[in-house]
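For reference, upload_39.txt is printed below; it contains compact mmCIF, C-alpha atoms.
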```txt
# COMPACT_ATOMS: atom_id res chain seq x y z
CA MET A 1 43.59 -18.67 34.73
CA LYS A 2 42.19 -15.75 32.81
CA LYS A 3 42.32 -13.60 35.90
CA PRO A 4 39.84 -10.79 36.51
CA LEU A 5 41.18 -7.52 35.20
CA VAL A 6 41.71 -5.80 38.52
CA GLY A 7 43.75 -2.74 37.66
CA ALA A 8 44.19 -3.94 34.10
CA LEU A 9 43.00 -0.84 32.31
CA PHE A 10 45.21 1.29 34.55
CA ALA A 11 48.15 -0.88 33.57
CA VAL A 12 47.28 -0.51 29.91
CA LEU A 13 47.31 3.27 30.21
CA LEU A 14 50.67 3.22 31.95
CA LEU A 15 52.41 0.62 29.84
CA GLY A 16 50.50 0.52 26.59
CA ALA A 17 50.78 -3.26 26.72
CA GLY A 18 50.66 -6.19 29.06
CA ILE A 19 50.63 -9.93 29.19
CA ALA A 20 47.13 -11.24 29.60
CA PRO A 21 45.64 -13.12 31.27
CA ALA A 22 47.69 -12.49 34.41
CA THR A 23 47.14 -8.79 35.09
CA ALA A 24 46.45 -6.82 31.95
CA ALA A 25 45.56 -6.82 28.30
CA THR A 26 47.22 -4.88 25.52
CA SER A 27 45.82 -1.62 24.24
CA HIS A 28 45.34 -3.41 20.90
CA ASP A 29 42.96 -5.82 22.60
CA ALA A 30 40.89 -2.93 23.96
CA ALA A 31 39.74 -2.01 20.45
CA PRO A 32 37.06 -4.43 19.21
CA ALA A 33 37.73 -3.36 15.63
CA ALA A 34 41.29 -4.61 15.83
CA HIS A 35 40.34 -8.27 15.93
CA THR A 36 42.82 -10.93 14.98
CA ALA A 37 42.12 -12.16 11.48
CA VAL A 38 40.63 -15.62 11.20
CA LYS A 39 40.27 -17.96 8.30
CA ALA A 40 37.45 -17.32 5.87
CA ASP A 41 35.61 -20.49 6.78
CA GLN A 42 35.76 -19.56 10.48
CA GLN A 43 34.30 -16.14 9.70
CA ILE A 44 31.45 -17.73 7.80
CA ARG A 45 30.66 -20.13 10.63
CA ALA A 46 30.81 -17.37 13.22
CA LYS A 47 28.13 -15.28 11.48
CA ALA A 48 25.45 -17.33 13.23
CA VAL A 49 26.91 -16.43 16.63
CA THR A 50 26.41 -12.90 17.96
CA PHE A 51 27.00 -11.07 21.23
CA ALA A 52 23.27 -11.09 22.05
CA GLY A 53 22.83 -12.38 25.58
CA THR A 54 26.45 -11.94 26.61
CA VAL A 55 27.29 -9.59 29.47
CA ALA A 56 30.24 -7.58 30.68
CA LEU A 57 31.17 -7.77 34.34
CA SER A 58 33.45 -5.25 36.03
CA ASN A 59 36.41 -7.56 35.45
CA CYS A 60 35.24 -10.55 33.40
CA SER A 61 32.78 -11.78 30.80
CA GLY A 62 29.58 -13.78 31.12
CA SER A 63 26.22 -14.59 29.58
CA VAL A 64 22.52 -14.77 30.41
CA VAL A 65 21.69 -18.46 30.25
CA ARG A 66 18.71 -20.75 30.56
CA THR A 67 18.17 -24.48 30.87
CA PRO A 68 15.86 -26.32 28.44
CA SER A 69 13.19 -26.29 31.15
CA SER A 70 13.52 -22.65 32.23
CA GLN A 71 10.29 -20.67 31.93
CA PRO A 72 9.80 -17.04 30.78
CA GLY A 73 8.69 -16.01 34.26
CA ASP A 74 11.72 -17.53 35.98
CA PRO A 75 14.42 -15.23 37.36
CA ALA A 76 17.19 -15.15 34.75
CA LEU A 77 20.65 -16.58 35.38
CA VAL A 78 24.09 -15.24 34.47
CA LEU A 79 26.98 -17.67 33.96
CA SER A 80 30.63 -16.74 34.51
CA ASN A 81 33.70 -18.20 36.27
CA GLY A 82 34.14 -19.00 39.93
CA HIS A 83 37.33 -16.98 39.86
CA CYS A 84 35.32 -13.95 38.71
CA LEU A 85 33.24 -13.80 41.91
CA GLU A 86 33.31 -10.48 43.73
CA THR A 87 33.97 -12.48 46.91
CA GLY A 88 37.37 -13.59 45.59
CA PHE A 89 38.71 -16.95 44.47
CA PRO A 90 36.93 -19.81 46.30
CA ALA A 91 39.46 -22.01 48.06
CA PRO A 92 39.88 -25.60 46.89
CA GLY A 93 36.89 -27.54 48.17
CA ALA A 94 34.83 -24.40 48.81
CA VAL A 95 31.38 -23.77 47.33
CA VAL A 96 29.50 -20.46 47.38
CA TYR A 97 25.78 -21.21 47.55
CA ASN A 98 22.75 -18.90 47.72
CA ARG A 99 24.76 -15.89 48.88
CA SER A 100 23.23 -12.43 48.55
CA SER A 101 24.69 -10.26 45.79
CA SER A 102 23.77 -6.99 44.09
CA ARG A 103 26.35 -7.24 41.33
CA SER A 104 25.47 -5.52 38.05
CA PHE A 105 26.09 -6.69 34.49
CA THR A 106 26.02 -4.78 31.21
CA LEU A 107 23.79 -6.63 28.76
CA LEU A 108 24.93 -6.67 25.13
CA ASN A 109 22.95 -6.88 21.91
CA ALA A 110 23.90 -8.78 18.76
CA SER A 111 26.44 -6.18 17.63
CA GLY A 112 28.09 -5.95 21.04
CA SER A 113 26.56 -2.66 22.15
CA GLY A 114 25.46 -2.32 25.75
CA VAL A 115 21.68 -2.00 25.89
CA GLY A 116 21.10 -1.89 29.62
CA THR A 117 22.05 -3.11 33.07
CA VAL A 118 20.78 -6.21 34.82
CA ARG A 119 21.41 -6.90 38.48
CA ALA A 120 21.91 -9.96 40.63
CA SER A 121 19.87 -10.84 43.67
CA LYS A 122 22.26 -13.59 44.72
CA ILE A 123 25.13 -15.86 43.81
CA ALA A 124 23.15 -19.02 43.25
CA TYR A 125 26.27 -21.15 42.91
CA GLY A 126 30.01 -20.72 42.61
CA THR A 127 33.10 -22.90 42.92
CA MET A 128 36.61 -23.52 41.61
CA THR A 129 36.59 -27.18 42.63
CA ASP A 130 36.28 -29.74 39.78
CA THR A 131 35.09 -26.86 37.59
CA ASP A 132 35.34 -23.05 37.52
CA ILE A 133 31.85 -21.58 37.41
CA SER A 134 29.65 -18.96 38.98
CA VAL A 135 25.91 -18.63 38.38
CA TYR A 136 24.08 -15.50 39.50
CA GLN A 137 20.32 -15.22 39.85
CA LEU A 138 19.01 -11.89 38.58
CA THR A 139 16.23 -9.61 39.82
CA SER A 140 14.76 -9.72 36.29
CA THR A 141 12.94 -12.60 34.62
CA TYR A 142 13.69 -13.83 31.12
CA ALA A 143 10.41 -12.34 29.94
CA GLN A 144 11.26 -8.94 31.40
CA ILE A 145 14.69 -8.93 29.78
CA GLU A 146 13.27 -9.91 26.40
CA SER A 147 10.44 -7.37 26.65
CA ARG A 148 12.71 -4.50 27.68
CA TYR A 149 15.80 -5.23 25.61
CA GLY A 150 14.75 -7.73 22.95
CA ILE A 151 17.44 -10.13 24.17
CA LYS A 152 16.93 -13.86 24.63
CA ALA A 153 19.03 -16.00 26.93
CA LEU A 154 21.54 -18.48 25.57
CA GLU A 155 20.58 -22.10 26.18
CA LEU A 156 22.84 -24.45 28.09
CA SER A 157 23.57 -27.66 26.23
CA THR A 158 22.85 -30.79 28.27
CA THR A 159 25.20 -33.05 26.32
CA HIS A 160 28.96 -33.46 26.52
CA PRO A 161 30.81 -31.40 23.89
CA VAL A 162 32.42 -33.23 20.99
CA ALA A 163 36.02 -33.02 19.81
CA GLY A 164 36.37 -31.16 16.52
CA THR A 165 33.29 -29.02 17.09
CA ALA A 166 33.54 -25.49 15.71
CA ILE A 167 33.10 -23.05 18.59
CA THR A 168 33.03 -19.35 19.36
CA VAL A 169 34.25 -17.82 22.60
CA ALA A 170 32.22 -14.61 22.93
CA SER A 171 33.72 -12.08 25.35
CA GLY A 172 31.30 -9.44 26.60
CA TYR A 173 34.12 -7.63 28.38
CA TRP A 174 36.16 -7.03 25.24
CA LYS A 175 33.27 -7.31 22.77
CA ARG A 176 35.47 -9.72 20.91
CA MET A 177 34.95 -13.21 19.50
CA TYR A 178 37.45 -16.03 19.19
CA ASN A 179 36.79 -18.79 16.65
CA CYS A 180 38.40 -22.21 16.81
CA ASN A 181 37.53 -25.86 17.47
CA VAL A 182 37.39 -28.20 20.42
CA ASP A 183 40.80 -29.86 20.24
CA GLY A 184 40.07 -32.43 22.91
CA PHE A 185 39.48 -33.00 26.61
CA VAL A 186 41.75 -33.02 29.63
CA TYR A 187 41.32 -35.65 32.33
CA ARG A 188 42.61 -33.26 35.00
CA LEU A 189 43.70 -29.67 34.51
CA LYS A 190 45.82 -28.40 37.39
CA GLU A 191 46.60 -24.76 38.08
CA GLY A 192 48.16 -23.72 41.34
CA SER A 193 45.91 -24.96 44.15
CA TRP A 194 43.00 -25.89 41.89
CA THR A 195 42.15 -29.00 39.88
CA TRP A 196 39.44 -29.15 37.21
CA LYS A 197 37.96 -32.29 35.69
CA ASP A 198 37.31 -33.11 32.03
CA SER A 199 38.25 -29.65 30.74
CA VAL A 200 37.89 -28.48 27.15
CA ARG A 201 41.12 -27.76 25.28
CA TYR A 202 40.91 -25.34 22.34
CA THR A 203 42.83 -25.49 19.11
CA SER A 204 45.50 -22.80 18.97
CA ALA A 205 43.35 -20.28 17.08
CA CYS A 206 41.52 -19.27 20.30
CA GLN A 207 44.12 -17.00 21.88
CA THR A 208 41.92 -15.76 24.71
CA ILE A 209 43.20 -13.04 27.05
CA GLY A 210 42.55 -11.52 30.46
CA GLY A 211 38.95 -10.31 30.70
CA THR A 212 37.64 -13.19 28.59
CA SER A 213 37.18 -15.21 31.77
CA GLY A 214 33.58 -16.37 32.01
CA SER A 215 32.87 -16.03 28.30
CA PRO A 216 30.36 -18.54 26.96
CA VAL A 217 31.80 -21.14 24.62
CA ILE A 218 29.14 -21.53 21.95
CA ASP A 219 28.68 -24.46 19.60
CA ASN A 220 28.44 -22.75 16.21
CA ALA A 221 26.06 -25.37 14.81
CA THR A 222 23.52 -25.34 17.67
CA GLY A 223 24.03 -21.91 19.21
CA LYS A 224 24.08 -23.54 22.64
CA VAL A 225 26.59 -22.96 25.42
CA VAL A 226 28.84 -26.00 25.85
CA ALA A 227 31.52 -24.57 28.16
CA VAL A 228 32.77 -21.45 29.94
CA ASN A 229 36.20 -20.01 29.11
CA ASN A 230 38.58 -19.91 32.07
CA THR A 231 42.34 -20.33 31.62
CA GLY A 232 45.44 -20.81 29.49
CA ASN A 233 49.13 -21.58 29.82
CA GLU A 234 50.97 -18.28 29.44
CA ASP A 235 54.64 -18.97 29.98
CA GLY A 236 55.15 -22.70 29.67
CA GLY A 237 55.17 -23.15 33.44
CA ARG A 238 54.20 -26.46 34.98
CA CYS A 239 50.94 -26.51 37.00
CA THR A 240 51.45 -23.00 38.44
CA ASP A 241 49.13 -19.99 38.55
CA ASN A 242 48.44 -18.85 34.98
CA ASN A 243 50.23 -21.95 33.70
CA PRO A 244 47.86 -24.91 33.96
CA CYS A 245 49.12 -28.35 33.10
CA GLU A 246 47.32 -31.41 31.80
CA VAL A 247 47.40 -34.60 33.87
CA ASP A 248 46.20 -37.88 32.36
CA GLU A 249 44.76 -40.96 34.07
CA ASN A 250 48.27 -42.31 34.67
CA GLY A 251 49.57 -39.10 36.23
CA GLN A 252 51.52 -38.08 33.13
CA VAL A 253 51.89 -34.30 32.98
CA THR A 254 51.79 -32.34 29.72
CA VAL A 255 52.43 -28.61 29.37
CA ARG A 256 51.09 -26.77 26.32
CA GLN A 257 52.30 -23.20 26.29
CA GLY A 258 49.93 -20.79 24.57
CA ILE A 259 46.99 -23.19 24.66
CA ASN A 260 43.74 -22.18 26.34
CA TYR A 261 40.96 -24.03 28.09
CA ALA A 262 37.33 -23.99 29.21
CA GLN A 263 35.14 -25.85 31.68
CA GLU A 264 32.20 -27.92 30.46
CA THR A 265 28.73 -26.74 31.42
CA TYR A 266 26.46 -29.61 30.34
CA GLY A 267 26.05 -30.78 33.95
CA ILE A 268 24.69 -27.48 35.28
CA ALA A 269 21.10 -27.98 34.10
CA ALA A 270 20.72 -31.17 36.14
CA CYS A 271 21.25 -29.10 39.30
CA ILE A 272 18.54 -26.53 38.51
CA GLY A 273 14.92 -27.24 39.34
CA THR A 274 11.57 -25.50 39.07
CA GLY A 275 11.82 -21.73 39.13
CA ASN A 276 15.52 -21.84 38.18
CA VAL A 277 16.38 -22.76 41.75
CA PHE A 278 19.65 -24.62 42.35
CA ASP A 279 19.08 -27.93 44.11
CA LEU A 280 22.32 -29.84 44.56
CA ASN A 281 20.41 -32.91 45.72
CA ARG A 282 18.53 -33.37 42.45
CA ALA A 283 19.02 -36.65 40.62
CA GLY A 284 21.94 -36.37 38.21
CA CYS A 285 23.46 -33.29 39.83
CA ALA A 286 27.19 -33.85 40.19
CA LEU A 287 28.38 -30.34 41.10
CA PRO A 288 30.42 -30.11 44.30
CA LYS A 289 28.33 -29.44 47.41
CA PRO A 290 29.11 -26.99 50.24
```
Structure re-expressed in structure tokens:
Amino acid sequence: MKKPLVGALFAVLLLGAGIAPATAATSHDAAPAAHTAVKADQQIRAKAVTFAGTVALSNCSGSVVRTPSSQPGDPALVLSNGHCLETGFPAPGAVVYNRSSSRSFTLLNASGSGVGTVRASKIAYGTMTDTDISVYQLTSTYAQIESRYGIKALELSTTHPVAGTAITVASGYWKRMYNCNVDGFVYRLKEGSWTWKDSVRYTSACQTIGGTSGSPVIDNATGKVVAVNNTGNEDGGRCTDNNPCEVDENGQVTVRQGINYAQETYGIAACIGTGNVFDLNRAGCALPKP
């Protein structure tokens, strides 16, 4: 998985380079201006997508998100990965639910500049079972964030993503965007002890790195979040840490070295009720329960 960058910047200073996502990113990656060139048509499509609403965690990326029914006065939510939780990687089968947290996030504007800090009141939900997500509830409402910083939350799509869709992976940690397409979907994605269902596979242009964990995957046409970036096969290993493998309905295993993946987010909204409160017993909510 795109592991949190614990000690990554120290490693960069010592070595000048590293293999992300395991422990470090290269010094080249630390400079937002040194982005990998993309095709002209990808650049044109990406103009509609900005960094506004993305956040930088201490070791990962994330975004301020809302459901279609979220209200301005609701406490805002931040989406990232389960493996980015400050409590450590949740064990297979484990769910973190309504746990107090005071974690802070740097909020970015459209150009990728930090405009302020928002803070969590709790981890509303987090897991690495079936999916790899964390959702923090903030001490600020959407209205307060928009009034103070002029930043609106990104909306969560409530429909399954579509193969071929042009997407942008927007990393608040690196202030870097990756443009590619949804290549397809993986019945089961296995990495070490964890298994994720119906994962998004990117086309090869999205060469995400360590620190991009938790980045929103944005549909370029709608501007909505359709997935959250979480892993990639680094070394061609088979189903090991940092080397996820694809498993189909018949148990056939496929390894795609250098290909990266995300977890769909369309099911999250069904688990959030009035006041942006997680309710895992709501009709249509299929997220794992504690």
Mind giving me the straight-line distance from CA of Gly214 (chain A) to CA of Pro68 (chain A) in Å, one decimal?
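If I compute the distance from CA of Gly214 (chain A) to CA of Pro68 (chain A), I get 20.6 Å.
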Counting all atoms listed in the file, the option among A:Phe278, A:Asp132, A:Gln207, A:Thr165 closest to Tyr97 (chain A):
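Closest candidate: A:Phe278.
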Just want the 7 Å neighbourhood of Thr67 (chain A), counted on all atoms listed in the file, with same-chain residues fewer than 4 positions away dropped. Output as a PDB file with C-alpha atoms, in the frame of the given file.
```
ATOM      1  CA  GLU A 155      20.580 -22.100  26.180  1.00  0.00           C
ATOM      2  CA  LEU A 156      22.840 -24.450  28.090  1.00  0.00           C
ATOM      3  CA  ALA A 269      21.100 -27.980  34.100  1.00  0.00           C
TER       4      ALA A 269
END
```
Skipping near chain neighbours, those fewer than 6 positions away, what residues fall within 6 Å of region 225-238 of chain A using only C-alpha atoms, listed as a list in words?
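The contact residues come out as Met1, Lys2, Leu156, Ser157, Ser213, Gly214, Ser215, Pro216, Val217, Ile218, Pro244, Cys245, Gln257, Gly258, Ile259, Asn260, Tyr261, Ala262, Gln263, Glu264 and Thr265 of chain A.
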Could you name the residues that touch Gly184 (chain A) at 7 Å or less, counting all atoms listed in the file, but leaving out those on the same chain fewer than 2 positions away, as an MDAnalysis selection string?
chainID A and resid 163 182 186 200:201
Report, in Å with one decimal, the straight-line distance from CA of Cys239 (chain A) to CA of Gly192 (chain A).
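Taking CA of Cys239 (chain A) and CA of Gly192 (chain A), their separation equals 5.9 Å.
The space separating CA of Ala76 (chain A) from CA of Asn281 (chain A) comes to 21.1 Å.
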So which one's closest to Pro72 (chain A), A:Leu280, A:Cys285, A:Val169, A:Ala153? Using all atoms listed in the file, please.
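Among the listed residues, the smallest separation from Pro72 (chain A) belongs to A:Ala153.
Residue nearest Arg66 (chain A) within the list A:Asn220, A:Thr203, A:Thr141, A:Asn181: A:Thr141 [criterion: smallest interatomic distance, only C-alpha atoms].
Here the question is which of A:Ser111, A:Asn250, A:Ser104, A:Ser199 gets nearest to Phe185 (chain A) using all atoms listed in the file, and that residue is A:Ser199.
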All residues 12 Å or closer to Ala48 (chain A), all atoms listed in the file, same chain fewer than 5 positions away omitted, as an mmCIF file with C-alpha atoms, in the frame of the given file:
```cif
data_model
loop_
_atom_site.group_PDB
_atom_site.id
_atom_site.type_symbol
_atom_site.label_atom_id
_atom_site.label_comp_id
_atom_site.auth_asym_id
_atom_site.auth_seq_id
_atom_site.Cartn_x
_atom_site.Cartn_y
_atom_site.Cartn_z
ATOM 1 C CA GLN A 42 35.760 -19.560 10.480
ATOM 2 C CA GLN A 43 34.300 -16.140 9.700
ATOM 3 C CA ALA A 110 23.900 -8.780 18.760
ATOM 4 C CA ALA A 166 33.540 -25.490 15.710
ATOM 5 C CA ILE A 167 33.100 -23.050 18.590
ATOM 6 C CA THR A 168 33.030 -19.350 19.360
ATOM 7 C CA ASN A 179 36.790 -18.790 16.650
ATOM 8 C CA ILE A 218 29.140 -21.530 21.950
ATOM 9 C CA ASP A 219 28.680 -24.460 19.600
ATOM 10 C CA ASN A 220 28.440 -22.750 16.210
ATOM 11 C CA ALA A 221 26.060 -25.370 14.810
ATOM 12 C CA THR A 222 23.520 -25.340 17.670
ATOM 13 C CA GLY A 223 24.030 -21.910 19.210
ATOM 14 C CA LYS A 224 24.080 -23.540 22.640
#
```
Contacts of region 143-152 of chain A at 10 Å or less, counting only C-alpha atoms, minus same-chain residues fewer than 4 places along, as number ranges by chain?
A: 52-54, 64-66, 71-76, 107-110, 115-118, 139
Using all atoms listed in the file, can you tell me which of A:Val55, A:Leu85, A:Cys60, A:Val162 comes closest to Met128 (chain A)?
A:Leu85
Between A:Gly93, A:Gly210, A:Gly275, A:Pro290, which one has atoms that come closest to Tyr142 (chain A), using all atoms listed in the file?
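Of A:Gly93, A:Gly210, A:Gly275, A:Pro290, the one nearest Tyr142 (chain A), counting all atoms listed in the file, is A:Gly275.
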Within-7 Å shell of (43.0, -25.4, 16.9) in input frame, all atoms listed in the file, as an MDAnalysis selection string:
chainID A and resid 180:181 183 202:205
Can you put N, CA and C atoms back into region 237-271 of chain A and show it as a CSV table (one decimal), in the coordinates of the input?
```
chain,number,residue,atom,x,y,z
A,237,GLY,N,55.0,-22.6,32.1
A,237,GLY,CA,55.2,-23.2,33.4
A,237,GLY,C,54.4,-24.4,33.7
A,238,ARG,N,54.8,-25.1,34.7
A,238,ARG,CA,54.2,-26.5,35.0
A,238,ARG,C,53.3,-26.4,36.2
A,239,CYS,N,52.0,-26.4,36.0
A,239,CYS,CA,50.9,-26.5,37.0
A,239,CYS,C,50.9,-25.3,38.0
A,240,THR,N,51.4,-24.2,37.6
A,240,THR,CA,51.4,-23.0,38.4
A,240,THR,C,50.3,-22.0,38.1
A,241,ASP,N,50.1,-21.0,38.9
A,241,ASP,CA,49.1,-20.0,38.6
A,241,ASP,C,49.4,-19.4,37.2
A,242,ASN,N,48.4,-19.3,36.4
A,242,ASN,CA,48.4,-18.8,35.0
A,242,ASN,C,49.2,-19.8,34.0
A,243,ASN,N,49.5,-20.9,34.5
A,243,ASN,CA,50.2,-22.0,33.7
A,243,ASN,C,49.7,-23.3,34.0
A,244,PRO,N,48.4,-23.6,33.7
A,244,PRO,CA,47.9,-24.9,34.0
A,244,PRO,C,48.6,-26.0,33.2
A,245,CYS,N,48.6,-27.2,33.8
A,245,CYS,CA,49.1,-28.4,33.1
A,245,CYS,C,48.1,-29.4,33.0
A,246,GLU,N,48.2,-30.3,32.0
A,246,GLU,CA,47.3,-31.4,31.8
A,246,GLU,C,47.9,-32.7,32.5
A,247,VAL,N,47.0,-33.4,33.2
A,247,VAL,CA,47.4,-34.6,33.9
A,247,VAL,C,46.5,-35.7,33.4
A,248,ASP,N,47.0,-36.8,32.9
A,248,ASP,CA,46.2,-37.9,32.4
A,248,ASP,C,45.9,-38.9,33.5
A,249,GLU,N,45.2,-39.9,33.1
A,249,GLU,CA,44.8,-41.0,34.1
A,249,GLU,C,45.9,-41.7,34.7
A,250,ASN,N,47.1,-41.6,34.1
A,250,ASN,CA,48.3,-42.3,34.7
A,250,ASN,C,49.2,-41.3,35.4
A,251,GLY,N,48.8,-40.1,35.5
A,251,GLY,CA,49.6,-39.1,36.2
A,251,GLY,C,50.6,-38.4,35.4
A,252,GLN,N,50.6,-38.7,34.1
A,252,GLN,CA,51.5,-38.1,33.1
A,252,GLN,C,51.2,-36.6,32.9
A,253,VAL,N,52.1,-35.7,33.1
A,253,VAL,CA,51.9,-34.3,33.0
A,253,VAL,C,52.3,-33.8,31.6
A,254,THR,N,51.5,-33.0,31.0
A,254,THR,CA,51.8,-32.3,29.7
A,254,THR,C,51.6,-30.8,29.8
A,255,VAL,N,52.5,-30.1,29.4
A,255,VAL,CA,52.4,-28.6,29.4
A,255,VAL,C,52.3,-28.1,27.9
A,256,ARG,N,51.3,-27.3,27.7
A,256,ARG,CA,51.1,-26.8,26.3
A,256,ARG,C,51.1,-25.2,26.4
A,257,GLN,N,52.2,-24.7,26.2
A,257,GLN,CA,52.3,-23.2,26.3
A,257,GLN,C,51.5,-22.6,25.2
A,258,GLY,N,50.7,-21.5,25.5
A,258,GLY,CA,49.9,-20.8,24.6
A,258,GLY,C,48.6,-21.4,24.3
A,259,ILE,N,48.3,-22.6,24.9
A,259,ILE,CA,47.0,-23.2,24.7
A,259,ILE,C,46.0,-22.8,25.8
A,260,ASN,N,44.8,-22.7,25.4
A,260,ASN,CA,43.7,-22.2,26.3
A,260,ASN,C,42.6,-23.2,26.5
A,261,TYR,N,41.9,-23.0,27.6
A,261,TYR,CA,41.0,-24.0,28.1
A,261,TYR,C,39.6,-23.5,28.6
A,262,ALA,N,38.7,-24.3,28.7
A,262,ALA,CA,37.3,-24.0,29.2
A,262,ALA,C,36.8,-25.1,30.1
A,263,GLN,N,35.8,-24.8,30.8
A,263,GLN,CA,35.1,-25.8,31.7
A,263,GLN,C,33.8,-26.2,31.1
A,264,GLU,N,33.5,-27.5,31.0
A,264,GLU,CA,32.2,-27.9,30.5
A,264,GLU,C,31.0,-27.5,31.3
A,265,THR,N,29.9,-27.2,30.7
A,265,THR,CA,28.7,-26.7,31.4
A,265,THR,C,27.5,-27.6,31.3
A,266,TYR,N,27.6,-28.8,30.6
A,266,TYR,CA,26.5,-29.6,30.3
A,266,TYR,C,25.8,-30.2,31.6
A,267,GLY,N,26.6,-30.2,32.7
A,267,GLY,CA,26.0,-30.8,34.0
A,267,GLY,C,25.3,-29.8,34.8
A,268,ILE,N,25.3,-28.5,34.4
A,268,ILE,CA,24.7,-27.5,35.3
A,268,ILE,C,23.2,-27.7,35.3
A,269,ALA,N,22.6,-27.9,34.2
A,269,ALA,CA,21.1,-28.0,34.1
A,269,ALA,C,20.5,-29.0,35.0
A,270,ALA,N,21.2,-30.1,35.3
A,270,ALA,CA,20.7,-31.2,36.1
A,270,ALA,C,20.6,-30.7,37.6
A,271,CYS,N,21.3,-29.6,37.9
A,271,CYS,CA,21.2,-29.1,39.3
A,271,CYS,C,20.3,-28.0,39.5
```
